[in-house]
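Okay, input_28.tsv is below, TSV, C-alpha atoms:
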```tsv
chain	number	residue	atom	x	y	z
K	72	MET	CA	-25.94	7.22	28.30
K	73	ILE	CA	-28.51	9.91	29.01
K	74	ILE	CA	-27.09	12.27	31.64
K	75	ILE	CA	-29.49	14.29	33.80
K	76	GLY	CA	-27.36	16.94	35.48
K	77	GLU	CA	-28.00	17.12	39.23
K	78	LYS	CA	-26.20	20.34	40.22
K	79	ILE	CA	-29.18	22.75	40.39
K	80	ASN	CA	-31.07	21.31	43.33
K	81	GLY	CA	-32.11	23.20	46.44
K	82	SER	CA	-31.24	20.21	48.63
K	83	ILE	CA	-27.57	21.10	47.98
K	84	PRO	CA	-26.62	23.70	50.65
K	85	VAL	CA	-24.79	26.11	48.32
K	86	VAL	CA	-27.71	25.98	45.86
K	87	ALA	CA	-30.22	26.57	48.67
K	88	LYS	CA	-28.25	29.65	49.70
K	89	ALA	CA	-28.26	30.93	46.11
K	90	ILE	CA	-31.99	30.34	45.80
K	91	GLU	CA	-32.68	32.21	49.04
K	92	ALA	CA	-30.55	35.14	47.86
K	93	ARG	CA	-32.00	34.96	44.32
K	94	ASP	CA	-28.43	34.74	43.03
K	95	ALA	CA	-29.21	34.31	39.34
K	96	GLU	CA	-25.56	34.25	38.27
K	97	PHE	CA	-24.88	31.24	40.49
K	98	ILE	CA	-27.74	29.28	38.91
K	99	LYS	CA	-26.72	30.37	35.40
K	100	ASN	CA	-23.12	29.33	35.99
K	101	ARG	CA	-24.15	25.86	37.11
K	102	ALA	CA	-26.34	25.54	34.03
K	103	LYS	CA	-23.48	26.59	31.74
K	104	LEU	CA	-21.03	24.19	33.40
K	105	GLN	CA	-23.38	21.24	32.94
K	106	THR	CA	-24.11	22.16	29.33
K	107	ALA	CA	-20.38	22.38	28.63
K	108	ALA	CA	-20.02	18.91	30.13
K	109	ASN	CA	-22.59	17.57	27.60
K	110	ALA	CA	-25.47	16.99	30.02
K	111	THR	CA	-28.50	15.70	28.11
K	112	PHE	CA	-30.91	17.39	30.54
K	113	ILE	CA	-30.49	19.82	33.43
K	114	ASP	CA	-32.47	18.96	36.54
K	115	CYS	CA	-34.18	21.92	38.22
K	116	CYS	CA	-35.39	21.34	41.76
K	117	ALA	CA	-36.26	24.12	44.23
K	118	SER	CA	-36.62	22.05	47.43
K	119	VAL	CA	-38.38	24.92	49.20
K	120	GLU	CA	-41.44	24.70	51.43
K	121	GLN	CA	-42.91	28.06	50.42
K	122	ASN	CA	-43.33	29.75	47.04
K	123	GLU	CA	-42.16	26.65	45.18
K	124	VAL	CA	-43.92	27.55	41.93
K	125	GLU	CA	-42.49	31.08	41.88
K	126	THR	CA	-39.04	29.74	42.72
K	127	LEU	CA	-39.12	27.05	40.04
K	128	LYS	CA	-40.20	29.58	37.40
K	129	TRP	CA	-37.32	31.87	38.41
K	130	MET	CA	-34.84	28.97	38.24
K	131	ILE	CA	-36.15	27.83	34.85
K	132	ASP	CA	-35.80	31.37	33.52
K	133	CYS	CA	-32.22	31.56	34.78
K	134	ILE	CA	-31.29	28.27	33.12
K	135	GLN	CA	-32.95	29.17	29.82
K	136	GLU	CA	-31.12	32.51	29.65
K	137	VAL	CA	-27.80	30.72	29.20
K	138	THR	CA	-28.53	27.34	27.61
K	139	ASP	CA	-31.02	25.53	25.43
K	140	THR	CA	-30.31	22.18	27.10
K	141	PRO	CA	-33.71	20.65	27.97
K	142	ILE	CA	-34.80	20.92	31.60
K	143	SER	CA	-35.91	18.21	34.00
K	144	VAL	CA	-38.64	19.87	36.07
K	145	ASP	CA	-38.23	18.28	39.48
K	146	SER	CA	-40.75	18.46	42.31
K	147	PRO	CA	-42.67	16.08	44.58
K	148	SER	CA	-45.71	18.33	44.01
K	149	VAL	CA	-47.90	17.56	41.01
K	150	ASP	CA	-49.40	21.04	41.27
K	151	ALA	CA	-45.96	22.66	41.09
K	152	ILE	CA	-44.99	20.58	38.07
K	153	LEU	CA	-48.19	21.32	36.20
K	154	GLU	CA	-47.84	25.05	36.89
K	155	THR	CA	-44.22	25.31	35.79
K	156	TYR	CA	-43.32	22.77	33.10
K	157	GLN	CA	-44.96	24.79	30.35
K	158	CYS	CA	-42.56	27.65	31.12
K	159	CYS	CA	-39.88	25.58	29.41
K	160	LYS	CA	-39.12	26.60	25.84
K	161	LYS	CA	-38.70	23.00	24.71
K	162	PRO	CA	-39.86	19.58	25.98
K	163	GLY	CA	-37.75	18.07	28.74
K	164	ILE	CA	-38.41	15.58	31.53
K	165	ILE	CA	-41.04	15.57	34.26
K	166	ASN	CA	-39.41	14.39	37.49
K	167	SER	CA	-41.43	12.51	38.59
K	168	VAL	CA	-44.54	10.33	38.73
K	169	SER	CA	-45.32	7.12	40.61
K	170	MET	CA	-48.31	5.03	41.55
K	171	GLU	CA	-48.75	7.13	44.70
K	172	GLY	CA	-52.08	8.94	44.89
K	173	ASP	CA	-53.26	10.50	41.63
K	174	LYS	CA	-49.86	11.68	40.38
K	175	ILE	CA	-49.76	9.55	37.28
K	176	ASP	CA	-53.40	10.23	36.41
K	177	ARG	CA	-52.71	13.96	36.40
K	178	ILE	CA	-49.29	14.07	34.76
K	179	PHE	CA	-49.73	11.47	32.01
K	180	PRO	CA	-52.80	13.08	30.38
K	181	ALA	CA	-51.14	16.52	30.62
K	182	ILE	CA	-48.12	15.41	28.57
K	183	ALA	CA	-49.79	12.74	26.42
K	184	ASP	CA	-49.86	14.79	23.21
K	185	SER	CA	-46.40	16.29	23.63
K	186	ASP	CA	-42.74	15.27	23.37
K	187	TRP	CA	-42.18	15.52	27.12
K	188	GLN	CA	-40.47	12.57	28.78
K	189	VAL	CA	-41.10	11.44	32.34
K	190	ILE	CA	-39.32	9.70	35.21
K	191	ALA	CA	-41.48	7.06	36.88
K	192	LEU	CA	-40.60	5.80	40.36
K	193	LEU	CA	-41.35	2.21	41.31
K	194	CYS	CA	-43.38	3.01	44.41
K	195	ASP	CA	-47.07	3.23	45.28
K	196	ASP	CA	-49.32	4.12	48.20
K	197	SER	CA	-47.72	1.36	50.29
K	198	GLY	CA	-44.30	3.00	49.93
K	199	ILE	CA	-41.14	1.57	48.37
K	200	PRO	CA	-41.53	-2.19	47.76
K	201	LYS	CA	-38.94	-4.32	49.47
K	202	SER	CA	-38.64	-7.05	46.84
K	203	ALA	CA	-37.86	-7.10	43.13
K	204	ALA	CA	-41.14	-8.91	42.44
K	205	ASP	CA	-43.18	-6.20	44.15
K	206	ARG	CA	-41.31	-3.40	42.36
K	207	LEU	CA	-41.98	-5.14	39.06
K	208	LYS	CA	-45.68	-5.25	39.94
K	209	VAL	CA	-45.61	-1.47	40.34
K	210	PHE	CA	-43.80	-1.29	37.01
K	211	ASP	CA	-46.60	-3.28	35.36
K	212	ASP	CA	-49.15	-0.85	36.82
K	213	ILE	CA	-47.18	2.13	35.48
K	214	MET	CA	-47.00	0.62	32.00
K	215	ALA	CA	-50.74	-0.07	32.03
K	216	LYS	CA	-51.28	3.63	32.75
K	217	ALA	CA	-48.82	4.56	30.00
K	218	LYS	CA	-50.79	2.47	27.52
K	219	GLN	CA	-54.06	4.02	28.73
K	220	TYR	CA	-52.80	7.56	28.15
K	221	GLY	CA	-50.73	6.86	25.04
K	222	ILE	CA	-47.28	7.44	26.55
K	223	ALA	CA	-44.72	5.47	24.50
K	224	PRO	CA	-42.14	3.44	26.46
K	225	SER	CA	-39.36	5.45	24.78
K	226	ARG	CA	-40.60	8.55	26.66
K	227	ILE	CA	-40.41	6.88	30.07
K	228	HIS	CA	-37.40	6.71	32.40
K	229	ILE	CA	-38.06	4.02	35.01
K	230	ASP	CA	-36.35	4.68	38.34
K	231	PRO	CA	-36.01	1.41	40.32
K	232	LEU	CA	-35.30	3.48	43.46
K	233	VAL	CA	-31.72	2.77	44.43
K	234	GLU	CA	-31.31	2.73	48.21
K	235	MET	CA	-28.31	2.86	50.50
K	236	LEU	CA	-25.88	-0.01	50.08
K	237	CYS	CA	-25.04	0.03	53.79
K	238	THR	CA	-28.60	-1.02	54.69
K	239	SER	CA	-28.87	-3.67	51.96
K	240	GLU	CA	-28.67	-7.39	52.68
K	241	ASP	CA	-27.83	-8.42	49.11
K	242	GLY	CA	-25.84	-5.54	47.62
K	243	ILE	CA	-27.50	-4.41	44.42
K	244	ALA	CA	-28.88	-7.83	43.43
K	245	MET	CA	-32.47	-6.58	43.64
K	246	ASN	CA	-31.69	-3.52	41.50
K	247	VAL	CA	-29.97	-5.70	38.91
K	248	GLU	CA	-32.96	-8.04	38.78
K	249	VAL	CA	-35.41	-5.15	38.37
K	250	ILE	CA	-33.31	-3.35	35.75
K	251	SER	CA	-32.57	-6.47	33.69
K	252	SER	CA	-36.20	-7.65	33.81
K	253	ILE	CA	-37.49	-4.28	32.61
K	254	ARG	CA	-34.86	-4.10	29.87
K	255	LYS	CA	-35.87	-7.54	28.54
K	256	GLN	CA	-39.56	-6.58	28.43
K	257	TYR	CA	-39.11	-3.12	26.92
K	258	PRO	CA	-35.92	-2.65	24.86
K	259	ASP	CA	-36.87	0.96	24.04
K	260	ILE	CA	-37.67	2.14	27.57
K	261	HIS	CA	-35.16	4.18	29.55
K	262	ILE	CA	-33.98	3.08	32.99
K	263	THR	CA	-32.51	5.75	35.23
K	264	ALA	CA	-31.12	6.13	38.74
K	265	ALA	CA	-29.82	8.75	41.15
K	266	VAL	CA	-26.40	7.14	41.24
K	267	SER	CA	-25.13	8.75	44.45
K	268	ASN	CA	-28.01	7.31	46.52
K	269	ILE	CA	-26.17	3.99	46.66
K	270	SER	CA	-23.26	5.35	48.71
K	271	PHE	CA	-24.94	7.39	51.47
K	272	ASN	CA	-23.25	6.97	54.88
K	273	LEU	CA	-20.23	5.17	53.43
K	274	PRO	CA	-16.61	6.35	53.26
K	275	VAL	CA	-15.00	7.12	49.88
K	276	ARG	CA	-18.42	7.32	48.25
K	277	LYS	CA	-16.85	7.86	44.84
K	278	LEU	CA	-15.69	4.23	44.67
K	279	ILE	CA	-19.14	2.86	45.46
K	280	ASN	CA	-20.77	5.17	42.92
K	281	LEU	CA	-18.34	4.14	40.18
K	282	GLY	CA	-18.74	0.42	40.87
K	283	PHE	CA	-22.52	0.66	40.98
K	284	THR	CA	-22.65	2.52	37.67
K	285	VAL	CA	-20.72	-0.20	35.84
K	286	LEU	CA	-22.89	-2.99	37.26
K	287	ALA	CA	-26.14	-1.10	36.62
K	288	MET	CA	-25.16	-0.28	33.04
K	289	ASN	CA	-24.34	-3.93	32.46
K	290	ALA	CA	-27.87	-4.78	33.66
K	291	GLY	CA	-29.49	-2.23	31.33
K	292	LEU	CA	-29.27	1.24	32.91
K	293	ASP	CA	-29.10	3.84	30.12
K	294	SER	CA	-29.93	7.05	32.00
K	295	ALA	CA	-28.55	8.54	35.20
K	296	ILE	CA	-28.99	11.52	37.48
K	297	LEU	CA	-25.47	12.62	38.36
K	298	ASP	CA	-22.86	15.38	38.19
K	299	PRO	CA	-21.84	15.68	34.52
K	300	THR	CA	-18.76	17.69	35.50
K	301	ASN	CA	-17.37	14.68	37.41
K	302	LYS	CA	-14.77	13.61	34.86
K	303	ASP	CA	-13.99	10.32	36.60
K	304	MET	CA	-17.64	9.26	36.37
K	305	ILE	CA	-18.05	10.46	32.78
K	306	GLY	CA	-14.86	8.66	31.71
K	307	LEU	CA	-16.08	5.46	33.35
K	308	ILE	CA	-19.45	5.75	31.56
K	309	TYR	CA	-17.81	6.14	28.15
K	310	ALA	CA	-15.47	3.24	28.91
K	311	THR	CA	-18.35	1.01	30.01
K	312	GLU	CA	-20.37	1.84	26.88
K	313	ALA	CA	-17.37	0.76	24.80
K	314	LEU	CA	-16.87	-2.45	26.79
K	315	LEU	CA	-20.57	-3.33	26.40
K	316	GLY	CA	-20.29	-3.02	22.63
K	317	ASN	CA	-22.43	0.11	22.46
K	318	ASP	CA	-19.68	2.31	20.98
K	319	PHE	CA	-18.68	1.45	17.39
K	320	TYR	CA	-14.88	1.07	17.30
K	321	CYS	CA	-14.74	3.14	20.54
K	322	MET	CA	-15.28	6.34	18.55
K	323	GLU	CA	-17.45	7.98	21.24
K	324	TYR	CA	-14.87	7.15	23.91
K	325	ILE	CA	-12.03	8.58	21.82
K	326	GLY	CA	-14.04	11.68	20.93
K	327	ALA	CA	-15.01	12.37	24.54
K	328	TYR	CA	-11.35	12.06	25.60
K	329	ARG	CA	-10.24	14.45	22.87
K	330	ASP	CA	-12.98	16.92	23.90
K	331	GLY	CA	-11.73	16.87	27.49
K	332	LEU	CA	-14.89	15.37	28.97
K	333	PHE	CA	-12.67	13.11	31.00
K	334	SER	CA	-8.95	12.81	31.62
K	335	VAL	CA	-6.40	10.51	33.21
K	336	GLN	CA	-4.60	11.90	36.22
K	337	PRO	CA	-0.79	11.49	36.04
K	338	LYS	CA	0.73	9.02	38.48
```
Target encoding structure tokens, full file:
Amino acid sequence: MIIIGEKINGSIPVVAKAIEARDAEFIKNRAKLQTAANATFIDCCASVEQNEVETLKWMIDCIQEVTDTPISVDSPSVDAILETYQCCKKPGIINSVSMEGDKIDRIFPAIADSDWQVIALLCDDSGIPKSAADRLKVFDDIMAKAKQYGIAPSRIHIDPLVEMLCTSEDGIAMNVEVISSIRKQYPDIHITAAVSNISFNLPVRKLINLGFTVLAMNAGLDSAILDPTNKDMIGLIYATEALLGNDFYCMEYIGAYRDGLFSVQPK
């Protein structure tokens, strides 16, 4: 499983406070913790209304001072992404593009001749489609653009846009249909999700997040935006990989346990 660490995001109150105070040590510490937890990428999102480019560059510098883990440059602004992603010392992930406006037509050609990966959201100018069929139509449009600009499927992380379970009429059936359909069409593509979105406004969110992760992985999810220091979640991911037959003789599971990436609480 590809883990995109979510802990350096200005939408988190303690991170917003650190950004405002330009508390570099706070940002560096969160980067080090996620690297130690074996995050594949570290997401970097400013979530500020003013001076976003300057703030993102400062955050990227802080992260790169303490780790060489690739960065996921995260902003809703194409301009901010294009002005900051090249500050990274190595290719990471652009977070994100979609079929909204001209986002994809600006980002895809910029990264076409590089090793940068990209998260692509299944939405367009009409918003977030309500049905699996409509989301898959957006997916087809994204893949047509990828072919046009020479972006290999293996560089793309498709985000089916997981929404709150408490407002869903059919649980995660639509997400499962979208994920499994994409996986069948493109075995080499990545499929990602912000796992915690599923549990907003519900009690004991941890249980919903854990259950969703298992079901989504069974459908074909192989990438996730989550807290890599959450040992319960990481343990569940390793266990699910083993149960799905993706871990030869459970060696990854055993190794992760021995390395302390997850643990069993005593009764």
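Within 10 Å of the file-frame point (-33.7, -7.9, 44.7), and using all atoms listed in the file, the polymer residues found are Lys201, Ser202, Ala203, Ala204, Asp205, Arg206, Ser239, Glu240, Asp241, Gly242, Ile243, Ala244, Met245, Asn246, Val247, Glu248 and Val249 of chain K.
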Checklist entry - If I put a ball of radius 12 Å at (-33.4, 27.2, 38.4) in the file's coordinates, which residues poke into it when counting only C-alpha atoms, written as a PyMOL selection string? => result chain K and resi 77-81+86-87+89-91+93-103+113-118+123-138+142-145+155+158-159
Next on the checklist: Can you pull out the residues contacting segment 254-257 of chain K? Cut-off 10 Å, using all atoms listed in the file, and skip same-chain residues under 5 positions away; I want them as an MDAnalysis selection string.
Outcome noted: chainID K and resid 224:225 248:249 262 290:293
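Pairwise distance (atom CA of Ser251 of chain K, atom CA of Ser294 of chain K) equals 13.9 Å.
For the pair atom CA of Thr238 of chain K and atom CA of Leu193 of chain K, the interatomic distance is 18.8 Å.
The shortest atom-to-atom distance to Gly306 of chain K, with all atoms listed in the file taken into account, belongs to K:Arg329 out of K:His261, K:Arg177, K:His228, K:Arg329.
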Item to check | Length of the atom CA of Leu286 of chain K to atom CA of Thr263 of chain K vector [Å] | outcome: 13.2 Å
Checklist outcome for this item: From the list K:Gly326, K:Pro258, K:Gly331, K:Pro162, the nearest residue to Ala223 of chain K using all atoms listed in the file is K:Pro258
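Restricting the calculation to all atoms listed in the file, the smallest distance between Ile73 of chain K and any of K:Met288, K:Ala215, K:Leu315, K:Ile269 is found for K:Met288.
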